[in-house]
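Q: Below is run.cif; it holds mmCIF, C-alpha atoms and all ligand atoms.
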data_protein
loop_
_atom_site.label_atom_id
_atom_site.label_comp_id
_atom_site.auth_asym_id
_atom_site.auth_seq_id
_atom_site.Cartn_x
_atom_site.Cartn_y
_atom_site.Cartn_z
CA MET A 1 273.44 68.70 -14.61
CA ASN A 2 275.10 69.46 -11.31
CA GLN A 3 277.87 67.03 -12.15
CA ASP A 4 278.51 68.97 -15.36
CA ILE A 5 278.86 72.13 -13.29
CA GLU A 6 281.28 70.50 -10.85
CA ALA A 7 283.34 69.20 -13.77
CA ARG A 8 283.42 72.66 -15.38
CA LYS A 9 284.57 74.22 -12.09
CA GLN A 10 287.42 71.71 -11.80
CA GLU A 11 288.39 72.41 -15.41
CA LEU A 12 288.63 76.15 -14.77
CA LEU A 13 290.70 75.63 -11.62
CA LYS A 14 293.10 73.45 -13.61
CA GLU A 15 293.36 76.17 -16.24
CA GLY A 16 294.67 78.53 -13.52
CA TYR A 17 291.44 80.35 -12.71
CA GLU A 18 290.67 81.23 -9.11
CA GLU A 19 287.18 81.02 -7.66
CA VAL A 20 285.66 84.45 -7.01
CA TYR A 21 282.17 83.39 -6.09
CA THR A 22 280.11 80.24 -5.78
CA ARG A 23 276.91 79.34 -3.94
CA THR A 24 277.67 78.64 -0.28
CA LYS A 25 277.22 75.13 1.15
CA VAL A 26 275.37 76.65 4.13
CA LEU A 27 272.38 76.90 1.77
CA THR A 28 270.72 73.56 1.05
CA ASP A 29 270.22 72.35 -2.53
CA ALA A 30 266.47 73.02 -2.28
CA VAL A 31 265.19 75.47 -4.89
CA MET A 32 263.76 78.48 -3.04
CA HIS A 33 260.06 79.03 -3.62
CA TYR A 34 260.41 82.83 -3.82
CA CYS A 35 259.19 84.67 -6.92
CA PRO A 36 261.85 85.41 -9.56
CA GLY A 37 264.05 88.32 -8.47
CA CYS A 38 262.79 88.45 -4.86
CA GLY A 39 265.23 89.92 -2.33
CA HIS A 40 264.43 87.17 0.17
CA GLY A 41 266.70 84.88 -1.86
CA THR A 42 269.53 87.41 -1.89
CA THR A 43 269.16 88.00 1.86
CA HIS A 44 269.17 84.25 2.56
CA ARG A 45 272.37 83.96 0.54
CA LEU A 46 274.09 86.78 2.45
CA ILE A 47 273.22 85.33 5.86
CA ALA A 48 274.39 81.87 4.75
CA GLU A 49 277.64 83.33 3.39
CA VAL A 50 278.30 85.17 6.66
CA ILE A 51 277.66 81.96 8.66
CA ASP A 52 280.01 80.13 6.28
CA GLU A 53 282.78 82.74 6.51
CA MET A 54 282.53 82.92 10.33
CA GLY A 55 282.69 79.10 10.52
CA ILE A 56 279.69 78.92 12.87
CA GLN A 57 277.42 76.59 10.90
CA ASP A 58 277.22 74.07 13.77
CA ASN A 59 276.61 76.74 16.40
CA VAL A 60 273.81 78.92 15.04
CA VAL A 61 270.03 78.79 15.43
CA GLY A 62 267.69 80.72 13.15
CA VAL A 63 264.06 81.57 13.90
CA SER A 64 261.75 81.85 10.92
CA PRO A 65 258.59 83.97 10.81
CA VAL A 66 255.13 83.79 9.31
CA GLY A 67 255.21 85.37 5.86
CA CYS A 68 256.79 84.47 2.53
CA SER A 69 259.93 83.35 4.37
CA VAL A 70 258.04 80.92 6.63
CA LEU A 71 259.90 78.05 4.97
CA ALA A 72 263.37 79.60 5.45
CA TYR A 73 264.37 76.53 7.47
CA ASN A 74 264.27 74.47 4.27
CA TYR A 75 266.97 76.62 2.72
CA PHE A 76 269.57 77.00 5.48
CA ASP A 77 271.62 73.99 6.49
CA VAL A 78 271.62 75.14 10.14
CA ASP A 79 269.34 74.56 13.13
CA PHE A 80 266.04 76.41 12.90
CA GLN A 81 262.87 77.02 14.88
CA GLU A 82 259.60 78.31 13.45
CA ALA A 83 257.78 80.95 15.52
CA ALA A 84 254.15 82.13 15.60
CA HIS A 85 253.43 85.30 13.61
CA GLY A 86 255.53 88.17 14.99
CA ARG A 87 256.87 86.22 17.96
CA ALA A 88 260.31 85.32 16.59
CA PRO A 89 262.15 87.77 18.92
CA ALA A 90 260.48 86.18 21.97
CA VAL A 91 261.40 82.66 20.82
CA ALA A 92 264.94 83.81 19.97
CA THR A 93 265.25 85.42 23.42
CA ALA A 94 264.62 82.04 25.05
CA ILE A 95 267.00 80.20 22.71
CA LYS A 96 269.78 82.72 23.32
CA ARG A 97 269.32 82.84 27.11
CA LEU A 98 269.46 79.05 27.32
CA ASN A 99 272.41 78.82 24.88
CA PRO A 100 274.41 82.01 25.47
CA ASP A 101 277.34 80.79 23.34
CA THR A 102 275.17 80.02 20.32
CA PHE A 103 274.64 82.59 17.56
CA VAL A 104 270.89 83.29 17.30
CA PHE A 105 269.06 85.21 14.60
CA THR A 106 265.49 85.90 13.59
CA TYR A 107 264.43 86.38 9.98
CA GLN A 108 261.24 88.45 9.63
CA GLY A 109 259.15 90.43 7.16
CA ASP A 110 257.55 93.79 7.88
CA GLY A 111 254.07 92.37 8.47
CA ASP A 112 255.70 90.06 11.00
CA LEU A 113 258.26 92.33 12.69
CA ALA A 114 256.62 95.75 12.34
CA ALA A 115 252.89 94.95 12.60
CA ILE A 116 251.72 91.93 14.58
CA GLY A 117 255.13 91.59 16.27
CA THR A 118 255.91 95.25 17.01
CA ALA A 119 255.75 94.69 20.77
CA GLU A 120 258.12 91.69 20.69
CA THR A 121 260.52 93.58 18.42
CA ILE A 122 260.69 96.71 20.55
CA HIS A 123 260.96 94.91 23.87
CA ALA A 124 263.59 92.43 22.69
CA ALA A 125 265.69 95.31 21.34
CA ASN A 126 265.23 97.41 24.44
CA ARG A 127 266.07 94.50 26.75
CA GLY A 128 269.33 94.35 24.83
CA GLU A 129 268.93 90.67 23.96
CA ASN A 130 272.23 89.49 22.46
CA MET A 131 270.88 88.31 19.13
CA THR A 132 270.50 89.43 15.53
CA MET A 133 267.19 90.34 13.93
CA ILE A 134 267.14 90.38 10.13
CA PHE A 135 264.20 92.50 8.98
CA VAL A 136 263.23 92.10 5.32
CA ASN A 137 261.05 95.09 4.55
CA ASN A 138 259.30 94.87 1.20
CA GLY A 139 256.66 97.42 2.22
CA ILE A 140 253.78 94.95 1.87
CA TYR A 141 252.27 91.75 3.22
CA GLY A 142 253.70 89.55 0.48
CA MET A 143 252.44 86.11 1.42
CA THR A 144 248.79 87.14 1.78
CA GLY A 145 248.61 89.02 -1.52
CA GLY A 146 250.43 92.36 -1.32
CA GLN A 147 248.26 94.32 1.13
CA MET A 148 249.41 97.56 2.77
CA ALA A 149 251.80 97.11 5.72
CA PRO A 150 252.67 99.68 8.41
CA THR A 151 255.87 100.26 6.42
CA THR A 152 254.21 100.90 3.02
CA LEU A 153 255.60 104.21 1.77
CA VAL A 154 253.43 107.27 1.18
CA GLY A 155 252.11 107.07 -2.38
CA MET A 156 253.11 103.42 -2.73
CA ARG A 157 250.50 101.16 -4.31
CA SER A 158 249.46 97.92 -2.70
CA ALA A 159 246.46 95.59 -3.00
CA THR A 160 244.61 97.62 -0.36
CA THR A 161 245.92 101.05 -1.41
CA PRO A 162 245.44 100.75 -5.20
CA TYR A 163 245.84 104.52 -5.66
CA GLY A 164 248.83 104.78 -3.34
CA ARG A 165 249.07 105.16 0.46
CA ARG A 166 247.45 108.37 1.66
CA VAL A 167 248.54 109.97 4.92
CA ASP A 168 245.07 111.40 5.62
CA LEU A 169 243.51 107.94 5.32
CA ASN A 170 246.28 105.45 6.20
CA GLY A 171 248.63 107.45 8.40
CA TYR A 172 252.42 107.51 8.15
CA PRO A 173 254.77 104.60 7.41
CA LEU A 174 256.49 103.20 10.50
CA ARG A 175 260.23 103.92 10.40
CA MET A 176 261.42 100.88 12.29
CA THR A 177 265.16 101.48 12.01
CA GLU A 178 264.92 105.05 13.33
CA LEU A 179 262.50 103.95 16.04
CA LEU A 180 264.79 101.18 17.32
CA SER A 181 267.82 103.47 17.14
CA THR A 182 266.30 105.64 19.89
CA LEU A 183 266.17 102.73 22.37
CA PRO A 184 269.02 102.48 24.88
CA GLY A 185 268.94 98.66 24.64
CA THR A 186 269.70 98.61 20.92
CA TYR A 187 273.37 97.85 20.27
CA TYR A 188 273.52 98.07 16.47
CA VAL A 189 270.81 98.92 13.94
CA THR A 190 271.23 99.73 10.26
CA ARG A 191 269.12 99.89 7.11
CA GLN A 192 270.52 98.23 3.99
CA SER A 193 269.22 97.19 0.59
CA VAL A 194 270.02 94.47 -1.94
CA GLN A 195 269.08 96.16 -5.21
CA ASN A 196 272.53 96.43 -6.82
CA PRO A 197 275.97 94.80 -6.40
CA ALA A 198 277.42 97.59 -4.22
CA ALA A 199 274.37 97.57 -1.94
CA VAL A 200 274.55 93.79 -1.64
CA ARG A 201 278.21 93.95 -0.56
CA LYS A 202 277.36 96.64 2.02
CA ALA A 203 274.40 94.64 3.30
CA LYS A 204 276.60 91.60 3.74
CA ALA A 205 279.16 93.60 5.73
CA ALA A 206 276.34 94.85 7.97
CA ILE A 207 275.05 91.30 8.55
CA ARG A 208 278.59 90.20 9.38
CA LYS A 209 278.92 93.02 11.91
CA ALA A 210 275.55 92.15 13.46
CA PHE A 211 276.64 88.53 13.93
CA GLU A 212 280.12 89.49 15.18
CA ASN A 213 278.48 91.72 17.82
CA GLN A 214 277.03 88.59 19.43
CA ARG A 215 280.57 87.59 20.45
CA ARG A 216 280.78 90.38 23.03
CA MET B 1 296.31 94.51 -14.23
CA ALA B 2 293.57 92.94 -16.22
CA PHE B 3 291.54 89.87 -15.50
CA LYS B 4 289.83 87.35 -17.67
CA GLY B 5 286.66 85.96 -16.13
CA GLN B 6 284.49 82.93 -16.63
CA ILE B 7 281.03 82.34 -15.23
CA ILE B 8 279.22 79.05 -14.77
CA ILE B 9 275.45 79.28 -14.84
CA ASP B 10 273.34 76.63 -13.12
CA THR B 11 270.63 77.03 -15.76
CA GLU B 12 268.15 74.68 -14.07
CA ARG B 13 268.25 76.83 -10.92
CA CYS B 14 267.79 80.12 -12.83
CA LYS B 15 264.37 81.80 -12.58
CA GLY B 16 264.92 84.18 -15.49
CA CYS B 17 264.32 87.24 -13.31
CA GLY B 18 266.91 89.18 -15.30
CA VAL B 19 268.29 90.97 -12.22
CA CYS B 20 271.83 90.00 -13.21
CA VAL B 21 271.62 91.31 -16.79
CA PRO B 22 271.78 95.12 -16.35
CA VAL B 23 274.46 94.99 -13.61
CA CYS B 24 277.10 93.40 -15.84
CA PRO B 25 279.61 96.14 -16.76
CA MET B 26 280.73 94.18 -19.84
CA LYS B 27 277.23 93.37 -21.11
CA CYS B 28 278.14 89.73 -21.46
CA ILE B 29 274.97 88.09 -20.11
CA ALA B 30 271.43 87.99 -21.47
CA LEU B 31 268.31 85.89 -21.08
CA SER B 32 268.16 82.97 -23.47
CA LYS B 33 265.34 82.44 -25.94
CA ASN B 34 265.26 78.86 -24.68
CA VAL B 35 263.67 77.79 -21.41
CA ASN B 36 264.80 75.42 -18.68
CA GLY B 37 262.85 72.55 -17.12
CA LYS B 38 260.72 75.00 -15.11
CA GLY B 39 259.89 77.08 -18.19
CA TYR B 40 262.11 80.04 -17.31
CA ASN B 41 264.24 81.85 -19.89
CA TYR B 42 267.58 81.22 -18.21
CA THR B 43 270.70 83.40 -18.34
CA GLU B 44 273.45 82.74 -20.85
CA THR B 45 276.73 84.39 -21.79
CA VAL B 46 276.63 86.29 -25.07
CA ASN B 47 280.31 87.23 -25.46
CA ASP B 48 283.62 86.45 -23.78
CA SER B 49 284.44 89.89 -22.36
CA CYS B 50 283.78 88.79 -18.74
CA ILE B 51 286.25 90.29 -16.24
CA GLY B 52 285.19 88.17 -13.26
CA CYS B 53 283.85 91.10 -11.22
CA ALA B 54 281.07 88.94 -9.73
CA SER B 55 278.48 91.72 -9.93
CA CYS B 56 276.05 89.28 -11.52
CA ALA B 57 276.60 86.71 -8.79
CA MET B 58 276.17 89.36 -6.06
CA VAL B 59 272.63 90.26 -7.10
CA CYS B 60 271.36 86.80 -8.10
CA PRO B 61 268.76 85.80 -5.49
CA ASP B 62 269.17 82.13 -6.25
CA GLY B 63 272.96 81.76 -6.27
CA VAL B 64 272.87 80.56 -9.85
CA ILE B 65 276.16 82.03 -11.04
CA SER B 66 279.68 80.93 -10.05
CA VAL B 67 282.50 83.29 -11.02
CA TYR B 68 286.14 82.51 -11.80
CA LYS B 69 288.96 84.78 -12.92
CA LYS B 70 292.64 84.78 -13.78
CA LYS B 71 295.26 87.45 -14.43
CA ILE B 72 296.11 88.12 -18.05
C1 LIG A 301 248.20 85.17 13.81
C2 LIG A 301 248.18 85.33 12.32
N1 LIG A 301 247.60 86.42 11.78
C3 LIG A 301 247.58 86.60 10.43
C4 LIG A 301 248.15 85.66 9.61
C5 LIG A 301 248.10 85.86 8.11
N2 LIG A 301 249.38 86.25 7.56
C6 LIG A 301 250.21 85.34 6.97
S1 LIG A 301 251.61 86.03 6.37
C7 LIG A 301 251.12 87.58 6.87
C8 LIG A 301 251.97 88.81 6.61
C9 LIG A 301 253.29 88.56 6.00
O1 LIG A 301 253.88 89.74 5.61
P1 LIG A 301 255.41 90.08 5.89
O2 LIG A 301 255.75 89.77 7.30
O3 LIG A 301 255.64 91.49 5.44
O4 LIG A 301 256.25 89.05 5.03
P2 LIG A 301 256.36 88.86 3.45
O5 LIG A 301 255.37 87.79 3.12
O6 LIG A 301 256.07 90.17 2.79
O7 LIG A 301 257.77 88.42 3.25
C10 LIG A 301 249.88 87.51 7.49
C11 LIG A 301 249.16 88.73 8.02
C12 LIG A 301 248.75 84.52 10.21
N3 LIG A 301 249.35 83.57 9.48
N4 LIG A 301 248.76 84.37 11.56
S1 LIG A 302 281.44 88.41 -13.51
FE1 LIG A 302 281.14 90.59 -14.01
S2 LIG A 302 281.79 90.76 -16.15
FE2 LIG A 302 281.47 88.57 -15.74
S3 LIG A 302 279.36 88.15 -16.39
FE3 LIG A 302 279.29 88.62 -14.18
S4 LIG A 302 278.88 90.84 -14.07
FE4 LIG A 302 279.56 90.38 -16.18
S1 LIG A 303 269.68 86.89 -11.32
FE1 LIG A 303 269.98 84.66 -11.11
S2 LIG A 303 267.90 83.79 -11.27
FE2 LIG A 303 267.79 85.89 -12.07
S3 LIG A 303 268.14 85.68 -14.30
FE3 LIG A 303 270.16 86.07 -13.38
S4 LIG A 303 271.02 84.03 -12.99
FE4 LIG A 303 268.81 83.73 -13.34
#
Can you dump the structure from the file as structure tokens?

A:
Amino acid sequence: MNQDIEARKQELLKEGYEEVYTRTKVLTDAVMHYCPGCGHGTTHRLIAEVIDEMGIQDNVVGVSPVGCSVLAYNYFDVDFQEAAHGRAPAVATAIKRLNPDTFVFTYQGDGDLAAIGTAETIHAANRGENMTMIFVNNGIYGMTGGQMAPTTLVGMRSATTPYGRRVDLNGYPLRMTELLSTLPGTYYVTRQSVQNPAAVRKAKAAIRKAFENQRR
Amino acid sequence: MAFKGQIIIDTERCKGCGVCVPVCPMKCIALSKNVNGKGYNYTETVNDSCIGCASCAMVCPDGVISVYKKKI
């Protein structure tokens, strides 16, 4: 199958076509376990493409979370460390401080980064740790069955808010991006989405900027 | 300047999520009636109006689609 694809690519190149897009080699050949259409896959792709384009594949360490993306290390062909639930920023802090010339990133869901790991997130940002935190906010605890997260939007349904999140009962969603933006230690924070081609291109540019900032 | 595009779909990797279908400006991809080895209705091209814009490839979570183009 894959050989057929390679052959077809070579054929097109011979016919004078130029390559516009193909899956980056920084992703492994493993088929991702994510549900069809899940943005985790798209986000993985963007990070891998940025690593590829920056030529830093042999000088980057990722830290994966607990959550649906717990197995992220199977999909990136770069060095990886798994952290306990919510503690990725603490682990990444140590990796970066011991290897200041290495690019370090965490990859975390909202249950991980904005619930059990809120303290680690805020303190790592406010200490100004020179690393990148990729926060994939799907508004729920995906891995455990779609329960409400701190980030679940008002009115949004989840397994534990079947009629929608109510402010009087469940309080307000945590606005992590705005919260971090108020901290003097935060160097760059932005909210992006991956729901259409334009948004994906913008998100990739933001990830690139976040990684480039580590060069300072 | 116009472009002619070609896409290559790694059908075995496709999960049939359909995310790529509505973003194609030329309406040249659709989900097949057939399924791949995992039982997913994979994506296929339904006409040759592709312009190589790579919108489909941008949104595909699984990196299934490769895009090529040439000037015409
Ligand atoms: C210390 C600890 N507490 C609770 C859990 C159970 N648990 C596993 S994943 C998860 C939440 C994951 O949600 P999120 O971070 O939003 O990631 P998603 O799965 O949505 O990508 C929880 C609470 C755990 N594994 N370890
Ligand atoms: S490259 Fe553009 S025109 Fe071609 S199939 Fe993909 S979205 Fe459609
Ligand atoms: S977005 Fe990718 S995985 Fe989903 S149907 Fe299209 S090609 Fe298949």

Q: Tell me as a ChimeraX atom specification which residues belonging to chain A come within 6 Å of chain B, counting only C-alpha atoms.

A: /A:17-23,36-37,41-42,197

Q: Find the spatial neighbours of stretch 103-106 of chain A, counting only C-alpha atoms, within a cut-off of 9 Å - ignore same-chain residues fewer than 2 positions away - and output them as a list in words.

A: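 The filter keeps Ile56, Asn59, Val60, Val61, Gly62, Val63, Ser64, Pro65, Ala88, Pro89, Val91, Ala92, Thr93, Ile95, Lys96, Asn99, Pro100, Asp101, Gln108, Asn130, Met131, Thr132, Met133, Ile134, Phe135, Phe211, Gln214 and Arg215 of chain A.
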
Q: What's the 12 Å shell around A:Tyr187, counting only C-alpha atoms, without same-chain residues fewer than 3 positions away, as a PyMOL selection string?

A: chain A and resi 124-133+180-184+190+209-214+216

Q: Write to file, as an mmCIF file, keeping the file's coordinate frame, the residues of the selection just made, with C-alpha atoms.

A:
data_model
loop_
_atom_site.group_PDB
_atom_site.id
_atom_site.type_symbol
_atom_site.label_atom_id
_atom_site.label_comp_id
_atom_site.auth_asym_id
_atom_site.auth_seq_id
_atom_site.Cartn_x
_atom_site.Cartn_y
_atom_site.Cartn_z
ATOM 1 C CA ALA A 124 263.590 92.430 22.690
ATOM 2 C CA ALA A 125 265.690 95.310 21.340
ATOM 3 C CA ASN A 126 265.230 97.410 24.440
ATOM 4 C CA ARG A 127 266.070 94.500 26.750
ATOM 5 C CA GLY A 128 269.330 94.350 24.830
ATOM 6 C CA GLU A 129 268.930 90.670 23.960
ATOM 7 C CA ASN A 130 272.230 89.490 22.460
ATOM 8 C CA MET A 131 270.880 88.310 19.130
ATOM 9 C CA THR A 132 270.500 89.430 15.530
ATOM 10 C CA MET A 133 267.190 90.340 13.930
ATOM 11 C CA LEU A 180 264.790 101.180 17.320
ATOM 12 C CA SER A 181 267.820 103.470 17.140
ATOM 13 C CA THR A 182 266.300 105.640 19.890
ATOM 14 C CA LEU A 183 266.170 102.730 22.370
ATOM 15 C CA PRO A 184 269.020 102.480 24.880
ATOM 16 C CA THR A 190 271.230 99.730 10.260
ATOM 17 C CA LYS A 209 278.920 93.020 11.910
ATOM 18 C CA ALA A 210 275.550 92.150 13.460
ATOM 19 C CA PHE A 211 276.640 88.530 13.930
ATOM 20 C CA GLU A 212 280.120 89.490 15.180
ATOM 21 C CA ASN A 213 278.480 91.720 17.820
ATOM 22 C CA GLN A 214 277.030 88.590 19.430
ATOM 23 C CA ARG A 216 280.780 90.380 23.030
#

Q: Using all atoms listed in the file, determine which residues lie at most 12 Å from stretch 156-159 of chain A, disregarding the query and same-chain residues fewer than 2 positions distant; provide the list as number ranges by chain.

A: A: 138-142, 144-154, 161-167, 170, 172-173

Q: Print the selection's residues with C-alpha atoms to a file, as an mmCIF file, in the frame of the given file.

A:
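Result saved to out_33.cif:
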data_model
loop_
_atom_site.group_PDB
_atom_site.id
_atom_site.type_symbol
_atom_site.label_atom_id
_atom_site.label_comp_id
_atom_site.auth_asym_id
_atom_site.auth_seq_id
_atom_site.Cartn_x
_atom_site.Cartn_y
_atom_site.Cartn_z
ATOM 1 C CA ASN A 138 259.300 94.870 1.200
ATOM 2 C CA GLY A 139 256.660 97.420 2.220
ATOM 3 C CA ILE A 140 253.780 94.950 1.870
ATOM 4 C CA TYR A 141 252.270 91.750 3.220
ATOM 5 C CA GLY A 142 253.700 89.550 0.480
ATOM 6 C CA THR A 144 248.790 87.140 1.780
ATOM 7 C CA GLY A 145 248.610 89.020 -1.520
ATOM 8 C CA GLY A 146 250.430 92.360 -1.320
ATOM 9 C CA GLN A 147 248.260 94.320 1.130
ATOM 10 C CA MET A 148 249.410 97.560 2.770
ATOM 11 C CA ALA A 149 251.800 97.110 5.720
ATOM 12 C CA PRO A 150 252.670 99.680 8.410
ATOM 13 C CA THR A 151 255.870 100.260 6.420
ATOM 14 C CA THR A 152 254.210 100.900 3.020
ATOM 15 C CA LEU A 153 255.600 104.210 1.770
ATOM 16 C CA VAL A 154 253.430 107.270 1.180
ATOM 17 C CA THR A 161 245.920 101.050 -1.410
ATOM 18 C CA PRO A 162 245.440 100.750 -5.200
ATOM 19 C CA TYR A 163 245.840 104.520 -5.660
ATOM 20 C CA GLY A 164 248.830 104.780 -3.340
ATOM 21 C CA ARG A 165 249.070 105.160 0.460
ATOM 22 C CA ARG A 166 247.450 108.370 1.660
ATOM 23 C CA VAL A 167 248.540 109.970 4.920
ATOM 24 C CA ASN A 170 246.280 105.450 6.200
ATOM 25 C CA TYR A 172 252.420 107.510 8.150
ATOM 26 C CA PRO A 173 254.770 104.600 7.410
#

Q: Select, from B:Met26, B:Ile72, B:Val35, B:Ala2, the residue with the minimum atom-to-atom distance to ligand LIG 302 (chain A), counting only C-alpha atoms and all ligand atoms.

A: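 Distance minimum relative to ligand LIG 302 (chain A) lands on B:Met26.
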
Q: Find, counting all atoms listed in the file, the residue in A:Lys25, A:Arg45, A:Arg87, A:Lys204 that gets nearest to ligand LIG 301 (chain A).

A: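 Counting all atoms listed in the file, the residue closest to ligand LIG 301 (chain A) is A:Arg87.
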
Q: Rounded to one decimal place, report the atom CA of A:Asp52-atom CA of A:Val26 distance in Å.

A: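 It comes out at 6.2 Å.
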
Q: Tell me, in Å to one decimal, how far atom CA of A:Glu15 is from atom CA of A:Asn2.

A: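 Answer for the atom CA of A:Glu15 to atom CA of A:Asn2 separation: 20.1 Å.
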
Q: Considering only C-alpha atoms and all ligand atoms, state which residue in the set A:Met54, A:Ala94, A:Cys68, A:Met176 is at the smallest distance from ligand LIG 301 (chain A).

A: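 Going through A:Met54, A:Ala94, A:Cys68, A:Met176 one by one, the smallest distance to ligand LIG 301 (chain A) is for A:Cys68.
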
Q: Using all atoms listed in the file, find the one residue out of A:Ala84, A:Arg175, A:Asn137, A:Glu49 that sits nearest to A:Ala205.

A: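 Ranked by minimum distance to A:Ala205, first place goes to A:Glu49.
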
Q: Just checking: using all atoms listed in the file, which residue out of B:Lys27, B:Asn36, B:Met1, B:Thr43 ends up closest to ligand LIG 303 (chain A)?

A: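 Selected residue with least distance to ligand LIG 303 (chain A): B:Thr43.
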
Q: Report as a list in words all protein, DNA and RNA residues lying within 9 Å of A:Ala203, evaluated on only C-alpha atoms, omitting residues in the same chain fewer than 4 positions from it.

A: Thr43, Leu46, Arg191, Gln192, Ser193, Val194, Ala198, Ala199, Ile207 and Arg208 of chain A

Q: Quick one: everything within 8 Å of B:Val46, counting all atoms listed in the file, minus sequence neighbours fewer than 6 positions away in the same chain. Send it as an MDAnalysis selection string.

A: chainID B and resid 28:30

Q: Could you save those same residues with C-alpha atoms as a PDB file, in the frame of the given file?

A:
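Output below, filename result-v4.pdb:
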ATOM      1  CA  CYS B  28     278.140  89.730 -21.460  1.00  0.00           C
ATOM      2  CA  ILE B  29     274.970  88.090 -20.110  1.00  0.00           C
ATOM      3  CA  ALA B  30     271.430  87.990 -21.470  1.00  0.00           C
TER       4      ALA B  30
END

Q: Would you compute, for all listed atoms of ligand LIG 301 (chain A), the axis-aligned bounding box grown by 6 Å on each side, and then report its centre and edge lengths in Å rounded to one decimal, as lines of an AutoDock Vina configuration file?

A:
center_x = 252.7
center_y = 87.5
center_z = 8.3
size_x = 22.2
size_y = 19.9
size_z = 23.0

Q: Which of these residues is nearest to ligand LIG 301 (chain A), using only C-alpha atoms and all ligand atoms: A:Leu71, A:Ala119, A:Leu179, A:Ala206?

A: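 When distances to ligand LIG 301 (chain A) are compared using only C-alpha atoms and all ligand atoms, the smallest one comes from A:Leu71.
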